[in-house]
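Chemist: If it helps, the file is called target-v7.txt and holds compact mmCIF, C-alpha atoms (C1' of nucleotides):
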```txt
# COMPACT_ATOMS: atom_id res chain seq x y z
CA MET R 1 69.81 102.54 105.07
CA ASN R 2 73.20 103.82 104.12
CA SER R 3 74.07 105.27 100.77
CA TYR R 4 76.60 102.53 100.46
CA GLN R 5 73.83 99.99 100.05
CA HIS R 6 73.16 101.48 96.64
CA ILE R 7 76.82 101.06 95.76
CA TYR R 8 76.86 97.47 96.96
CA ASP R 9 73.76 96.74 94.92
CA THR R 10 75.43 98.14 91.83
CA VAL R 11 78.58 96.14 92.41
CA ARG R 12 76.49 92.98 92.70
CA ARG R 13 75.17 93.60 89.19
CA ILE R 14 78.64 93.05 87.73
CA PRO R 15 78.43 89.68 85.96
CA PRO R 16 81.11 87.07 86.64
CA GLY R 17 84.10 87.34 84.36
CA LYS R 18 83.57 91.07 83.99
CA ILE R 19 85.04 94.01 85.83
CA SER R 20 84.21 97.64 86.41
CA SER R 21 85.95 100.74 87.65
CA TYR R 22 85.18 102.75 90.75
CA GLY R 23 84.04 105.70 88.70
CA ARG R 24 81.84 103.48 86.53
CA ILE R 25 80.15 101.96 89.55
CA ALA R 26 79.68 105.40 91.02
CA ALA R 27 77.99 106.59 87.83
CA LEU R 28 75.72 103.55 87.68
CA ALA R 29 74.84 104.03 91.32
CA GLY R 30 73.83 107.62 90.66
CA LEU R 31 76.98 108.98 92.27
CA ALA R 32 78.74 110.20 89.16
CA GLY R 33 82.06 111.83 89.89
CA GLN R 34 82.19 110.36 93.36
CA ALA R 35 84.39 107.37 92.70
CA ARG R 36 86.02 107.81 96.08
CA LEU R 37 82.78 106.89 97.77
CA VAL R 38 82.78 103.58 95.94
CA GLY R 39 86.30 102.90 97.12
CA TYR R 40 85.31 103.90 100.60
CA ALA R 41 82.22 101.71 100.49
CA LEU R 42 84.25 98.72 99.38
CA HIS R 43 86.78 99.50 102.05
CA ALA R 44 83.99 99.23 104.58
CA LEU R 45 83.47 95.63 103.46
CA ARG R 46 87.04 94.68 104.29
CA THR R 47 87.61 90.97 104.54
CA GLY R 48 84.50 88.86 104.20
CA GLY R 49 83.04 90.86 101.37
CA VAL R 50 79.59 91.20 102.90
CA ASP R 51 77.53 94.30 103.45
CA GLU R 52 75.65 95.30 106.59
CA GLN R 53 72.84 92.99 105.58
CA GLY R 54 75.22 90.08 105.33
CA GLN R 55 74.84 89.92 101.57
CA PRO R 56 77.98 89.06 99.59
CA VAL R 57 79.50 91.76 97.42
CA PRO R 58 81.87 90.94 94.52
CA TRP R 59 84.28 93.68 95.52
CA TRP R 60 87.12 92.08 93.56
CA ARG R 61 85.39 92.93 90.29
CA VAL R 62 86.00 96.61 90.95
CA ILE R 63 89.36 98.04 89.93
CA ASN R 64 90.61 101.49 89.05
CA VAL R 65 90.24 103.08 85.63
CA ALA R 66 93.88 102.32 84.90
CA GLY R 67 93.03 98.62 84.90
CA ARG R 68 95.08 97.97 87.99
CA ILE R 69 94.30 96.79 91.49
CA SER R 70 94.34 99.79 93.74
CA ASN R 71 93.84 98.24 97.15
CA GLU R 72 96.89 97.16 99.05
CA TYR R 73 95.02 95.18 101.66
CA GLU R 74 93.79 92.24 99.63
CA ALA R 75 95.63 92.84 96.38
CA THR R 76 96.84 89.27 96.10
CA LEU R 77 93.43 87.86 96.98
CA GLN R 78 91.74 90.14 94.49
CA ARG R 79 94.13 89.06 91.78
CA GLU R 80 93.43 85.41 92.49
CA LEU R 81 89.70 85.97 92.48
CA LEU R 82 89.86 87.79 89.16
CA GLU R 83 91.97 85.08 87.58
CA ALA R 84 89.54 82.51 88.99
CA GLU R 85 86.81 84.14 86.90
CA GLY R 86 88.88 83.93 83.75
CA ILE R 87 90.13 87.48 83.74
CA ALA R 88 93.61 87.73 82.27
CA ILE R 89 96.05 89.98 84.04
CA ASP R 90 98.94 91.53 82.18
CA ALA R 91 102.52 90.97 83.21
CA ARG R 92 102.44 94.48 84.67
CA ASN R 93 99.40 93.64 86.83
CA ALA R 94 97.18 95.42 84.35
CA ILE R 95 93.79 94.31 82.98
CA ASP R 96 92.45 95.15 79.54
CA LEU R 97 89.45 97.31 80.32
CA GLU R 98 88.09 97.25 76.79
CA ARG R 99 88.02 93.48 77.00
CA TYR R 100 86.54 92.91 80.43
CA LEU R 101 84.89 96.17 81.37
CA TRP R 102 81.23 95.74 82.18
CA ASP R 103 79.21 98.17 80.08
CA GLY R 104 76.37 98.23 82.59
CA ALA R 105 73.98 96.06 80.62
CA VAL R 106 71.93 93.53 82.56
CA ALA R 107 72.94 89.98 81.78
CA GLY R 108 70.01 87.92 80.67
C1' DA B 109 83.62 122.67 113.74
C1' DT B 110 88.53 121.97 111.79
C1' DG B 111 92.37 119.32 109.76
C1' DA B 112 94.09 115.23 107.64
C1' DT B 113 93.48 110.95 105.14
C1' DG B 114 91.45 107.73 101.80
C1' DA B 115 90.50 100.32 97.80
C1' DC B 116 89.54 107.36 92.96
C1' DC B 117 89.38 110.26 88.55
C1' DC B 118 90.60 113.95 85.30
C1' DA B 119 93.69 117.38 83.24
C1' DA B 120 98.15 119.36 82.76
C1' DT B 121 103.21 118.98 82.77
C1' DG E 122 104.63 107.20 81.11
C1' DA E 123 105.47 109.13 85.88
C1' DT E 124 104.35 113.08 88.73
C1' DT E 125 101.65 117.01 90.34
C1' DG E 126 97.44 119.64 91.39
C1' DG E 127 92.40 120.02 91.98
C1' DG E 128 87.79 117.97 93.03
C1' DC E 129 84.45 115.02 95.18
C1' DC E 130 82.37 113.23 100.09
C1' DA E 131 82.87 110.20 104.35
C1' DT E 132 85.47 108.92 108.27
C1' DC E 133 88.69 109.52 112.15
C1' DA E 134 91.38 112.34 115.55
```
Would it be possible to restate this file's structure as structure tokens?
Modeler:
Amino acid sequence: MNSYQHIYDTVRRIPPGKISSYGRIAALAGLAGQARLVGYALHALRTGGVDEQGQPVPWWRVINVAGRISNEYEATLQRELLEAEGIAIDARNAIDLERYLWDGAVAG
DNA sequence: ATGATGACCCAAT
DNA sequence: GATTGGGCCATCA
């Protein structure tokens, strides 16, 4: 079992229509200060968005703390997926974190 | 084992 | 607000 599995599990807890930052996910996953690992873990997903167990991971709900899409691989796809969930993106490709940032609370 | 890079973040300039 | 420097750990050559 890789450490990434914990990251994937945390990313899955992001409710639809919400977003989170790499650092936030890292903190929730018990990897505070290791935001790069989250980015690396999501990078390992690549296209398909499934982990080693074949479970889907909402990788598009993870952006950087600046509210912008950091990845250059699927930037367009990520933007479309975010907009599909009702997340408004600024004219400068920025997202209002205070408005959409997931505070870590469990929905339900 | 070493060096370089990376879907990042924070602080300083 | 854009750029630079340091820190964190995993992966590749």
Chemist: Could you pull the residues within 8 Å of DC117 of chain B, counting only C-alpha atoms (C1' of nucleotides), minus those fewer than 4 positions along the same chain, as a ChimeraX atom specification?
Modeler: /R:23,33,35,65
Chemist: Can you measure atom C1' of DT124 of chain E to atom C1' of DT121 of chain B for me? One decimal in Å is fine.
Modeler: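 Atom C1' of DT121 of chain B lies 8.5 Å from atom C1' of DT124 of chain E.
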Chemist: Any idea what the distance is between atom CA of Gln78 of chain R and atom CA of Val62 of chain R?
Modeler: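 Calculated distance between atom CA of Gln78 of chain R and atom CA of Val62 of chain R is 9.3 Å.
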Chemist: Please, which residues of chain R lie no more than 12 Å from chain E when the count uses all atoms listed in the file, and can they be set out as a PDB file with C-alpha atoms, in the frame of the given file?
Modeler:
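So the final result, stored in result-v2.pdb, reads:
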```pdb
ATOM      1  CA  ASN R   2      73.200 103.820 104.120  1.00  0.00           C
ATOM      2  CA  SER R   3      74.070 105.270 100.770  1.00  0.00           C
ATOM      3  CA  TYR R   4      76.600 102.530 100.460  1.00  0.00           C
ATOM      4  CA  GLY R  23      84.040 105.700  88.700  1.00  0.00           C
ATOM      5  CA  ALA R  26      79.680 105.400  91.020  1.00  0.00           C
ATOM      6  CA  LEU R  31      76.980 108.980  92.270  1.00  0.00           C
ATOM      7  CA  ALA R  32      78.740 110.200  89.160  1.00  0.00           C
ATOM      8  CA  GLY R  33      82.060 111.830  89.890  1.00  0.00           C
ATOM      9  CA  GLN R  34      82.190 110.360  93.360  1.00  0.00           C
ATOM     10  CA  ALA R  35      84.390 107.370  92.700  1.00  0.00           C
ATOM     11  CA  ARG R  36      86.020 107.810  96.080  1.00  0.00           C
ATOM     12  CA  LEU R  37      82.780 106.890  97.770  1.00  0.00           C
ATOM     13  CA  VAL R  38      82.780 103.580  95.940  1.00  0.00           C
ATOM     14  CA  GLY R  39      86.300 102.900  97.120  1.00  0.00           C
ATOM     15  CA  TYR R  40      85.310 103.900 100.600  1.00  0.00           C
ATOM     16  CA  ALA R  41      82.220 101.710 100.490  1.00  0.00           C
ATOM     17  CA  HIS R  43      86.780  99.500 102.050  1.00  0.00           C
ATOM     18  CA  ALA R  44      83.990  99.230 104.580  1.00  0.00           C
TER      19      ALA R  44
END
```
Chemist: Any idea what the distance is between atom CA of Ala84 of chain R and atom CA of Pro16 of chain R?
Modeler: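 Atom-to-atom, atom CA of Ala84 of chain R and atom CA of Pro16 of chain R are spaced 9.9 Å apart.
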Chemist: Nearest residue to Ile63 of chain R out of R:Leu45, R:Arg92, R:Ser20, R:Leu97, using only C-alpha atoms?
Modeler: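 Of R:Leu45, R:Arg92, R:Ser20, R:Leu97, the one nearest Ile63 of chain R, counting only C-alpha atoms, is R:Ser20.
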Chemist: With a distance threshold of 8 Å and counting only C-alpha atoms (C1' of nucleotides), extract the residues of chain B near chain R and express them as a count of residues only.
Modeler: 4
Chemist: Which neighbours of Asn93 of chain R fall inside 9 Å, counting all atoms listed in the file, when residues of the same chain fewer than 3 positions from it are skipped, and could you give them as a list in words?
Modeler: Gly67, Arg68, Ile69, Arg79, Ile89 and Asp90 of chain R
Chemist: Starting from the sparse input, extend segment 81-105 of chain R to N, CA and C atoms and give the output as a PDB file, in the frame of the given file.
Modeler:
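This is the output file rebuild-v5.pdb:
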```pdb
ATOM      1  N   LEU R  81      91.127  86.065  92.755  1.00  0.00           N
ATOM      2  CA  LEU R  81      89.700  85.970  92.480  1.00  0.00           C
ATOM      3  C   LEU R  81      89.392  86.357  91.039  1.00  0.00           C
ATOM      4  N   LEU R  82      90.075  87.363  90.544  1.00  0.00           N
ATOM      5  CA  LEU R  82      89.860  87.790  89.160  1.00  0.00           C
ATOM      6  C   LEU R  82      90.310  86.696  88.189  1.00  0.00           C
ATOM      7  N   GLU R  83      91.465  86.141  88.464  1.00  0.00           N
ATOM      8  CA  GLU R  83      91.970  85.080  87.580  1.00  0.00           C
ATOM      9  C   GLU R  83      91.053  83.864  87.650  1.00  0.00           C
ATOM     10  N   ALA R  84      90.448  83.652  88.813  1.00  0.00           N
ATOM     11  CA  ALA R  84      89.540  82.510  88.990  1.00  0.00           C
ATOM     12  C   ALA R  84      88.305  82.671  88.108  1.00  0.00           C
ATOM     13  N   GLU R  85      87.978  83.904  87.745  1.00  0.00           N
ATOM     14  CA  GLU R  85      86.810  84.140  86.900  1.00  0.00           C
ATOM     15  C   GLU R  85      87.192  84.256  85.437  1.00  0.00           C
ATOM     16  N   GLY R  86      88.449  83.937  85.143  1.00  0.00           N
ATOM     17  CA  GLY R  86      88.880  83.930  83.750  1.00  0.00           C
ATOM     18  C   GLY R  86      89.372  85.259  83.247  1.00  0.00           C
ATOM     19  N   ILE R  87      89.644  86.172  84.152  1.00  0.00           N
ATOM     20  CA  ILE R  87      90.130  87.480  83.740  1.00  0.00           C
ATOM     21  C   ILE R  87      91.657  87.462  83.659  1.00  0.00           C
ATOM     22  N   ALA R  88      92.160  87.754  82.480  1.00  0.00           N
ATOM     23  CA  ALA R  88      93.610  87.730  82.270  1.00  0.00           C
ATOM     24  C   ALA R  88      94.238  89.011  82.791  1.00  0.00           C
ATOM     25  N   ILE R  89      95.330  88.828  83.501  1.00  0.00           N
ATOM     26  CA  ILE R  89      96.050  89.980  84.040  1.00  0.00           C
ATOM     27  C   ILE R  89      97.402  90.088  83.352  1.00  0.00           C
ATOM     28  N   ASP R  90      97.701  91.296  82.911  1.00  0.00           N
ATOM     29  CA  ASP R  90      98.940  91.530  82.180  1.00  0.00           C
ATOM     30  C   ASP R  90     100.149  91.290  83.083  1.00  0.00           C
ATOM     31  N   ALA R  91     101.294  91.209  82.452  1.00  0.00           N
ATOM     32  CA  ALA R  91     102.520  90.970  83.210  1.00  0.00           C
ATOM     33  C   ALA R  91     102.781  92.143  84.157  1.00  0.00           C
ATOM     34  N   ARG R  92     102.238  93.310  83.819  1.00  0.00           N
ATOM     35  CA  ARG R  92     102.440  94.480  84.670  1.00  0.00           C
ATOM     36  C   ARG R  92     101.233  94.689  85.576  1.00  0.00           C
ATOM     37  N   ASN R  93     100.548  93.569  85.915  1.00  0.00           N
ATOM     38  CA  ASN R  93      99.400  93.640  86.830  1.00  0.00           C
ATOM     39  C   ASN R  93      98.311  94.552  86.282  1.00  0.00           C
ATOM     40  N   ALA R  94      98.190  94.583  84.964  1.00  0.00           N
ATOM     41  CA  ALA R  94      97.180  95.420  84.350  1.00  0.00           C
ATOM     42  C   ALA R  94      96.137  94.543  83.657  1.00  0.00           C
ATOM     43  N   ILE R  95      94.900  95.033  83.606  1.00  0.00           N
ATOM     44  CA  ILE R  95      93.790  94.310  82.980  1.00  0.00           C
ATOM     45  C   ILE R  95      93.266  95.141  81.812  1.00  0.00           C
ATOM     46  N   ASP R  96      92.968  94.454  80.712  1.00  0.00           N
ATOM     47  CA  ASP R  96      92.450  95.150  79.540  1.00  0.00           C
ATOM     48  C   ASP R  96      90.999  95.564  79.788  1.00  0.00           C
ATOM     49  N   LEU R  97      90.798  96.832  79.995  1.00  0.00           N
ATOM     50  CA  LEU R  97      89.450  97.310  80.320  1.00  0.00           C
ATOM     51  C   LEU R  97      88.500  97.100  79.154  1.00  0.00           C
ATOM     52  N   GLU R  98      88.975  97.372  77.945  1.00  0.00           N
ATOM     53  CA  GLU R  98      88.090  97.250  76.790  1.00  0.00           C
ATOM     54  C   GLU R  98      87.599  95.821  76.611  1.00  0.00           C
ATOM     55  N   ARG R  99      88.339  94.900  77.181  1.00  0.00           N
ATOM     56  CA  ARG R  99      88.020  93.480  77.000  1.00  0.00           C
ATOM     57  C   ARG R  99      87.099  92.979  78.096  1.00  0.00           C
ATOM     58  N   TYR R 100      87.288  93.453  79.297  1.00  0.00           N
ATOM     59  CA  TYR R 100      86.540  92.910  80.430  1.00  0.00           C
ATOM     60  C   TYR R 100      85.607  93.917  81.087  1.00  0.00           C
ATOM     61  N   LEU R 101      85.710  95.162  80.699  1.00  0.00           N
ATOM     62  CA  LEU R 101      84.890  96.170  81.370  1.00  0.00           C
ATOM     63  C   LEU R 101      83.407  95.937  81.147  1.00  0.00           C
ATOM     64  N   TRP R 102      82.679  95.944  82.241  1.00  0.00           N
ATOM     65  CA  TRP R 102      81.230  95.740  82.180  1.00  0.00           C
ATOM     66  C   TRP R 102      80.573  97.033  81.717  1.00  0.00           C
ATOM     67  N   ASP R 103      79.804  96.939  80.634  1.00  0.00           N
ATOM     68  CA  ASP R 103      79.210  98.170  80.080  1.00  0.00           C
ATOM     69  C   ASP R 103      77.946  98.583  80.820  1.00  0.00           C
ATOM     70  N   GLY R 104      77.536  97.830  81.802  1.00  0.00           N
ATOM     71  CA  GLY R 104      76.370  98.230  82.590  1.00  0.00           C
ATOM     72  C   GLY R 104      75.093  97.543  82.163  1.00  0.00           C
ATOM     73  N   ALA R 105      75.173  96.760  81.091  1.00  0.00           N
ATOM     74  CA  ALA R 105      73.980  96.060  80.620  1.00  0.00           C
ATOM     75  C   ALA R 105      73.651  94.898  81.544  1.00  0.00           C
TER      76      ALA R 105
END
```
